[in-house]
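J.: As input, take query-v8.cif (mmCIF, C-alpha atoms):
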```
data_target
#
loop_
_atom_site.label_atom_id
_atom_site.label_comp_id
_atom_site.auth_asym_id
_atom_site.auth_seq_id
_atom_site.Cartn_x
_atom_site.Cartn_y
_atom_site.Cartn_z
CA MET A 149 0.27 -26.30 -352.88
CA SER A 150 -3.08 -26.04 -351.16
CA GLY A 151 -5.00 -23.63 -349.00
CA ALA A 152 -8.22 -24.00 -347.03
CA PHE A 153 -11.54 -22.21 -346.62
CA VAL A 154 -12.72 -22.24 -343.03
CA SER A 155 -16.28 -22.39 -341.77
CA LEU A 156 -17.94 -19.22 -340.50
CA SER A 157 -18.30 -20.70 -337.05
CA THR A 158 -14.53 -20.95 -336.66
CA TRP A 159 -13.57 -17.49 -337.95
CA THR A 160 -12.08 -15.22 -335.29
CA GLY A 161 -13.02 -11.88 -336.89
CA ALA A 162 -9.63 -10.30 -336.11
CA PRO A 163 -8.36 -7.41 -338.27
CA MET A 164 -6.99 -8.19 -341.73
CA GLY A 165 -3.36 -9.33 -341.54
CA ARG A 166 -3.71 -10.42 -337.90
CA ARG A 167 -6.34 -13.10 -338.41
CA LYS A 168 -5.76 -16.58 -337.06
CA PRO A 169 -8.53 -18.85 -338.37
CA GLU A 170 -9.08 -22.08 -336.53
CA LEU A 171 -9.73 -24.74 -339.13
CA SER A 172 -12.73 -26.95 -338.62
CA ARG A 173 -12.17 -30.64 -339.43
CA ARG A 174 -15.74 -31.00 -340.61
CA ARG A 175 -16.00 -27.96 -342.87
CA VAL A 176 -12.70 -27.46 -344.67
CA VAL A 177 -12.53 -27.06 -348.45
CA THR A 178 -9.07 -27.46 -349.94
CA ALA A 179 -8.05 -25.14 -352.79
CA VAL A 180 -5.48 -26.89 -354.97
CA MET A 181 -3.32 -24.74 -357.24
CA THR A 182 -2.60 -26.03 -360.74
CA PRO A 183 0.93 -25.97 -362.19
CA THR A 184 1.92 -23.04 -364.37
CA GLN A 185 2.19 -23.47 -368.13
CA ALA A 186 5.96 -23.15 -367.86
CA GLU A 187 6.08 -25.99 -365.35
CA LYS A 188 3.92 -28.20 -367.53
CA ALA A 189 6.05 -27.63 -370.59
CA GLY A 190 9.35 -27.75 -368.73
CA LYS A 191 10.23 -24.28 -370.00
CA LYS A 192 12.59 -21.85 -368.33
CA LEU A 193 11.02 -19.04 -366.32
CA ASN A 194 11.15 -15.53 -367.73
CA LYS A 195 13.16 -12.85 -365.93
CA VAL A 196 10.33 -11.65 -363.69
CA GLU A 197 9.27 -15.15 -362.64
CA TYR A 198 12.90 -16.07 -361.99
CA THR A 199 13.24 -13.01 -359.74
CA LYS A 200 10.23 -14.11 -357.70
CA GLU A 201 11.39 -17.70 -357.37
CA ASN A 202 14.79 -16.59 -356.10
CA SER A 203 13.53 -13.90 -353.72
CA ASP A 204 13.43 -16.23 -350.67
CA GLN A 205 9.69 -15.88 -350.28
CA LEU A 206 9.52 -12.18 -351.31
CA LEU A 207 12.38 -11.07 -349.05
CA HIS A 208 15.29 -10.28 -351.38
CA PRO A 209 16.45 -7.88 -352.69
CA VAL A 210 13.87 -5.70 -350.89
CA GLN A 211 15.44 -6.18 -347.47
CA GLU A 212 18.85 -5.02 -348.65
CA GLU A 213 17.61 -2.11 -350.74
CA MET A 214 15.52 -0.67 -347.95
CA LEU A 215 18.77 -0.18 -346.05
CA ASN A 216 20.75 1.71 -348.71
CA ASP A 217 20.81 5.47 -349.33
CA GLU A 218 19.31 5.42 -352.83
CA ILE A 219 16.01 7.20 -353.48
CA PHE A 220 14.84 4.37 -355.77
CA VAL A 221 14.87 0.58 -355.94
CA THR A 222 16.19 -1.67 -358.70
CA GLU A 223 13.98 -3.49 -361.18
CA SER A 224 14.24 -6.73 -359.18
CA ALA A 225 13.13 -5.04 -355.95
CA TYR A 226 10.40 -3.23 -357.87
CA GLN A 227 8.92 -6.56 -358.99
CA ILE A 228 9.00 -8.05 -355.47
CA LEU A 229 7.65 -4.90 -353.80
CA LYS A 230 4.43 -5.32 -355.76
CA PHE A 231 3.55 -8.25 -353.53
CA HIS A 232 4.22 -6.10 -350.48
CA GLY A 233 1.59 -3.69 -351.82
CA THR A 234 3.55 -0.84 -353.36
CA TYR A 235 4.68 0.45 -356.77
CA GLN A 236 7.64 2.69 -357.49
CA GLN A 237 6.57 5.65 -359.60
CA ASP A 238 7.99 8.83 -361.11
CA ASP A 239 6.33 12.18 -360.40
CA ARG A 240 6.81 13.70 -363.84
CA GLU A 241 5.08 16.92 -362.83
CA LYS A 242 7.90 17.70 -360.38
CA ARG A 243 10.89 17.17 -362.66
CA LYS A 244 12.24 19.07 -365.62
CA ALA A 245 13.62 17.56 -368.80
CA GLY A 246 17.01 15.97 -368.19
CA GLU A 247 16.62 15.77 -364.42
CA GLN A 248 16.75 12.54 -362.44
CA LYS A 249 13.38 10.93 -361.99
CA LYS A 250 11.39 12.09 -358.97
CA TYR A 251 10.94 8.67 -357.44
CA GLN A 252 8.04 8.06 -355.10
CA PHE A 253 5.91 5.13 -354.04
CA MET A 254 2.22 4.32 -354.12
CA LEU A 255 0.80 2.05 -351.39
CA ARG A 256 -2.50 0.25 -351.84
CA LEU A 257 -4.44 -1.26 -348.96
CA LYS A 258 -5.86 -4.78 -349.09
CA MET A 259 -9.49 -4.27 -348.01
CA PRO A 260 -11.68 -7.38 -348.52
CA GLY A 261 -15.25 -6.29 -349.13
CA GLY A 262 -14.16 -2.66 -348.87
CA GLU A 263 -14.02 -2.87 -345.07
CA MET A 264 -12.49 0.31 -343.67
CA PRO A 265 -12.75 0.94 -339.89
CA ALA A 266 -12.91 4.60 -338.93
CA ASN A 267 -9.63 4.48 -337.01
CA MET A 268 -7.83 3.07 -340.08
CA TYR A 269 -9.18 5.84 -342.31
CA ARG A 270 -8.01 8.47 -339.82
CA LEU A 271 -4.57 6.83 -339.77
CA LEU A 272 -4.39 6.89 -343.57
CA GLU A 273 -5.28 10.57 -343.62
CA ASP A 274 -2.53 11.32 -341.11
CA LEU A 275 0.01 9.22 -343.04
CA SER A 276 -0.89 10.91 -346.32
CA GLU A 277 -0.51 14.34 -344.75
CA ASN A 278 2.81 13.52 -343.08
CA TYR A 279 4.45 11.22 -345.63
CA GLY A 280 2.42 11.34 -348.87
CA ASN A 281 1.03 13.92 -351.29
CA HIS A 282 -1.92 14.82 -349.02
CA THR A 283 -4.47 12.78 -350.98
CA LEU A 284 -6.17 9.38 -350.72
CA ARG A 285 -7.66 7.71 -353.79
CA ALA A 286 -10.57 5.29 -353.68
CA THR A 287 -10.22 2.49 -356.24
CA THR A 288 -12.77 0.54 -358.26
CA ARG A 289 -11.73 -2.56 -356.30
CA SER A 290 -12.99 -1.08 -353.02
CA ALA A 291 -9.61 -0.06 -351.65
CA PHE A 292 -7.60 3.08 -350.91
CA GLN A 293 -4.29 4.19 -352.40
CA MET A 294 -1.75 6.58 -350.93
CA HIS A 295 0.64 8.35 -353.30
CA GLY A 296 3.84 10.35 -353.00
CA VAL A 297 5.62 8.34 -350.29
CA LEU A 298 9.41 8.62 -350.47
CA LYS A 299 11.59 5.53 -350.12
CA ASP A 300 13.02 6.74 -346.80
CA ASN A 301 9.49 6.80 -345.38
CA LEU A 302 8.22 3.49 -346.77
CA LYS A 303 9.07 1.46 -343.68
CA THR A 304 7.42 3.96 -341.34
CA VAL A 305 4.19 3.96 -343.36
CA PHE A 306 4.06 0.16 -343.72
CA ASN A 307 4.85 -0.30 -340.03
CA LYS A 308 2.09 2.02 -338.86
CA ILE A 309 -0.52 0.44 -341.15
CA MET A 310 0.38 -3.11 -340.14
CA ASN A 311 0.53 -2.34 -336.42
CA ALA A 312 -2.93 -0.79 -336.68
CA GLY A 313 -4.30 -4.08 -338.05
CA GLY A 314 -4.29 -3.09 -341.72
CA SER A 315 -2.48 -4.66 -344.64
CA CYS A 316 -1.09 -3.82 -348.07
CA ILE A 317 0.13 -7.37 -348.66
CA GLY A 318 -0.87 -8.72 -352.05
CA ALA A 319 -2.67 -5.53 -353.09
CA CYS A 320 -0.46 -5.16 -356.19
CA GLY A 321 1.19 -7.52 -358.63
CA ASP A 322 0.01 -10.48 -360.67
CA LEU A 323 -2.33 -12.07 -358.17
CA ASN A 324 -5.75 -11.25 -356.77
CA ARG A 325 -5.46 -7.68 -355.50
CA ASN A 326 -8.63 -7.56 -353.47
CA ILE A 327 -11.83 -9.50 -352.87
CA VAL A 328 -14.74 -7.28 -353.88
CA ALA A 329 -18.12 -7.66 -352.20
CA THR A 330 -21.30 -5.62 -352.07
CA PRO A 331 -20.78 -2.27 -350.31
CA ALA A 332 -24.36 -2.31 -349.00
CA GLN A 333 -24.17 -2.31 -345.21
CA PHE A 334 -27.31 -4.36 -344.62
CA THR A 335 -27.46 -6.52 -341.52
CA SER A 336 -29.37 -9.51 -342.89
CA LYS A 337 -27.64 -12.90 -342.76
CA PRO A 338 -26.82 -13.15 -346.51
CA TYR A 339 -25.00 -9.81 -346.44
CA GLN A 340 -23.14 -10.79 -343.28
CA TYR A 341 -22.04 -14.05 -344.92
CA VAL A 342 -20.79 -12.22 -348.01
CA ARG A 343 -18.63 -9.88 -345.93
CA GLN A 344 -17.27 -12.69 -343.78
CA TYR A 345 -16.48 -14.96 -346.70
CA SER A 346 -14.78 -12.13 -348.61
CA ALA A 347 -12.39 -11.74 -345.66
CA MET A 348 -11.73 -15.48 -345.47
CA ILE A 349 -11.11 -15.86 -349.20
CA ALA A 350 -8.70 -12.92 -349.12
CA GLU A 351 -6.77 -14.57 -346.29
CA VAL A 352 -6.53 -17.88 -348.13
CA PHE A 353 -5.11 -16.32 -351.30
CA ALA A 354 -2.83 -13.73 -349.67
CA PRO A 355 0.94 -14.39 -349.99
CA GLN A 356 2.12 -16.01 -346.75
CA SER A 357 5.69 -15.07 -345.92
CA ALA A 358 7.80 -13.90 -343.00
CA ALA A 359 9.39 -11.40 -345.38
CA PHE A 360 6.71 -8.81 -344.62
CA ALA A 361 7.47 -8.91 -340.91
CA GLU A 362 11.22 -8.99 -341.47
CA VAL A 363 11.25 -5.94 -343.75
CA TRP A 364 8.58 -3.70 -342.22
CA LEU A 365 8.25 -4.90 -338.59
CA ASP A 366 11.89 -5.67 -337.77
CA GLY A 367 11.15 -9.38 -337.62
CA GLU A 368 8.11 -9.18 -335.34
CA LYS A 369 5.97 -12.27 -335.89
CA ALA A 370 2.28 -11.46 -335.77
CA GLY A 371 -0.62 -13.31 -337.40
CA THR A 372 -0.06 -14.20 -341.04
CA TYR A 373 2.92 -11.85 -341.26
CA GLY A 374 5.08 -14.45 -339.55
CA LEU A 375 4.32 -17.45 -341.78
CA ARG A 376 6.66 -19.10 -344.26
CA GLU A 377 5.52 -21.22 -347.14
CA PRO A 378 7.60 -24.12 -348.42
CA ALA A 379 9.56 -23.15 -351.53
CA SER A 380 7.81 -25.84 -353.56
CA GLY A 381 4.50 -24.06 -353.09
CA PHE A 382 5.59 -20.59 -354.09
CA PHE A 383 4.41 -20.65 -357.70
CA TRP A 384 0.81 -20.12 -356.67
CA CYS A 385 1.30 -16.35 -356.48
CA MET A 386 2.98 -16.10 -359.86
CA ALA A 387 1.29 -15.39 -363.15
CA GLN A 388 -0.91 -18.28 -364.22
#
```
Show me the file's structure as structure tokens.
T.:
Amino acid sequence: MSGAFVSLSTWTGAPMGRRKPELSRRRVVTAVMTPTQAEKAGKKLNKVEYTKENSDQLLHPVQEEMLNDEIFVTESAYQILKFHGTYQQDDREKRKAGEQKKYQFMLRLKMPGGEMPANMYRLLEDLSENYGNHTLRATTRSAFQMHGVLKDNLKTVFNKIMNAGGSCIGACGDLNRNIVATPAQFTSKPYQYVRQYSAMIAEVFAPQSAAFAEVWLDGEKAGTYGLREPASGFFWCMAQ
């Protein structure tokens, strides 16, 4: 499978998750992914890798489990949800010994270069107050995490973030979780290039699948959310 880095002159500068780069024929660098060790040796995939390969591009069993009445997801859905940008957790401070786990979810934003528009931060604050535990956590990878979201509210939170131009896609799991760049907001050309290239590199290596739109946006196709990769190229987002 291959991806492509686009030239700065062809980058549209649209919000993360909605970007539609126009590839330049003269300035395209192809990124070729090498086979996994399991592929090289002809070995069987382990349970987690098998779950990914049979998820129909990160769709199942997340789609089905978001529709049931359980307050948690199964281990298979847990593994796939990482690529959507969320982890299932247990709030141990809220449960007593012997009680059922207090399931909740953490969402992490994908913020190349730490870019955070003011309107997105205000939205995150509102979402945390209304659906989370009233806190936002800044990470060492220049991103924000929201904790305490219940399963019933996951779709609402994802939908609002994605429709505002943000993204959690690929912010968790065994792939690159963010592209870190200097936080210095200088306006000289080198700093501008660093910020622009961090956004482009993040787009190239983000999982491309219609599953995100189908689960969180009711099938709406918008930007990279509506893309499907051929099954033969799916191993690139698995553990290398």
J.: I'd like to know which of A:Val305, A:Leu365, A:Leu215, A:Ile349 is closest to Thr234 of chain A, using all atoms listed in the file.
T.: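 Of A:Val305, A:Leu365, A:Leu215, A:Ile349, the one nearest Thr234 of chain A, counting all atoms listed in the file, is A:Val305.
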J.: My list of candidates is A:Lys230, A:Arg289, A:Lys191, A:Lys242. Which is closest to Leu323 of chain A when distances are computed with only C-alpha atoms?
T.: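 Using only C-alpha atoms, the shortest distance to Leu323 of chain A belongs to A:Lys230.
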J.: Residues at most 12 Å from Asn301 of chain A, counting all atoms listed in the file, excluding those fewer than 6 positions away in the same chain, as a PDB file with C-alpha atoms, in the frame of the given file?
T.:
```pdb
ATOM      1  CA  MET A 214      15.520  -0.670-347.950  1.00  0.00           C
ATOM      2  CA  LEU A 215      18.770  -0.180-346.050  1.00  0.00           C
ATOM      3  CA  ILE A 219      16.010   7.200-353.480  1.00  0.00           C
ATOM      4  CA  PHE A 220      14.840   4.370-355.770  1.00  0.00           C
ATOM      5  CA  GLN A 252       8.040   8.060-355.100  1.00  0.00           C
ATOM      6  CA  PHE A 253       5.910   5.130-354.040  1.00  0.00           C
ATOM      7  CA  MET A 254       2.220   4.320-354.120  1.00  0.00           C
ATOM      8  CA  LEU A 255       0.800   2.050-351.390  1.00  0.00           C
ATOM      9  CA  LEU A 275       0.010   9.220-343.040  1.00  0.00           C
ATOM     10  CA  SER A 276      -0.890  10.910-346.320  1.00  0.00           C
ATOM     11  CA  ASN A 278       2.810  13.520-343.080  1.00  0.00           C
ATOM     12  CA  TYR A 279       4.450  11.220-345.630  1.00  0.00           C
ATOM     13  CA  GLY A 280       2.420  11.340-348.870  1.00  0.00           C
ATOM     14  CA  HIS A 295       0.640   8.350-353.300  1.00  0.00           C
ATOM     15  CA  ASN A 307       4.850  -0.300-340.030  1.00  0.00           C
ATOM     16  CA  LYS A 308       2.090   2.020-338.860  1.00  0.00           C
ATOM     17  CA  TRP A 364       8.580  -3.700-342.220  1.00  0.00           C
TER      18      TRP A 364
END
```
J.: What is the distance, in Å and to one decimal place, between atom CA of Tyr226 of chain A and atom CA of Ser346 of chain A?
T.: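 According to the coordinates, atom CA of Tyr226 of chain A and atom CA of Ser346 of chain A are separated by 28.3 Å.
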J.: On this structure, the PyMOL selection byres ((chain A and resi 329) around 8) would catch which residues? List them as a list in words, sorted by chain and number.
T.: Pro260, Gly261, Gly262, Ile327, Val328, Thr330, Pro331, Val342, Arg343 and Ser346 of chain A
J.: So which one's closest to Glu368 of chain A, A:Met294, A:Phe334, A:Leu193, A:Asn311? Using all atoms listed in the file, please.
T.: A:Asn311
J.: Would you kindly return, as a ChimeraX atom specification, each protein, DNA or RNA residue with an atom no farther than 10 Å from any atom of Thr222 of chain A, considering only C-alpha atoms and excluding same-chain residues fewer than 6 positions away?
T.: /A:209-210,213,236
J.: Rounded to one decimal, what separation in Å do you get between atom CA of Asn326 of chain A and atom CA of Met259 of chain A?
T.: 6.4 Å
J.: Quick one: distance from atom CA of Leu302 of chain A to atom CA of Thr287 of chain A in Å, one decimal?
T.: 20.8 Å
J.: Which residue out of A:His208, A:Arg256, A:Lys192, A:Lys244 has the minimum interatomic distance to Phe306 of chain A when all atoms listed in the file are used?
T.: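 Answer, going by the shortest atom-to-atom distance: A:Arg256.
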J.: With distances taken over only C-alpha atoms, which residue among A:Gln333, A:Gln293, A:Gln344, A:Gln248 lies nearest Tyr269 of chain A?
T.: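 Going through A:Gln333, A:Gln293, A:Gln344, A:Gln248 one by one, the smallest distance to Tyr269 of chain A is for A:Gln293.
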J.: The PyMOL selection byres ((chain A and resi 325) around 9) on the file shown: which residues, as an MDAnalysis selection string?
T.: chainID A and resid 233 258 289 317:324 326:327 350 354
J.: I want to know what sits within 12 Å of Asp217 of chain A, based on all atoms listed in the file, with residues of the same chain fewer than 6 positions away left out; could you give that as an mmCIF file with C-alpha atoms, keeping the file's coordinate frame?
T.:
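Final output, saved to result.cif:
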```
data_model
loop_
_atom_site.group_PDB
_atom_site.id
_atom_site.type_symbol
_atom_site.label_atom_id
_atom_site.label_comp_id
_atom_site.auth_asym_id
_atom_site.auth_seq_id
_atom_site.Cartn_x
_atom_site.Cartn_y
_atom_site.Cartn_z
ATOM 1 C CA LEU A 298 9.410 8.620 -350.470
ATOM 2 C CA LYS A 299 11.590 5.530 -350.120
ATOM 3 C CA ASP A 300 13.020 6.740 -346.800
#
```
J.: Measuring between only C-alpha atoms, which one of A:Glu241, A:Ala359, A:Asn194, A:Tyr251 shows the shortest distance to Val221 of chain A?
T.: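 Between A:Glu241, A:Ala359, A:Asn194, A:Tyr251, the residue approaching Val221 of chain A most closely is A:Tyr251.
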J.: Would you list the contacts of Gly367 of chain A as a ChimeraX atom specification, taking every protein, DNA or RNA residue within 8 Å and counting only C-alpha atoms, but skipping same-chain residues closer than 5 positions in sequence?
T.: /A:358,361-362
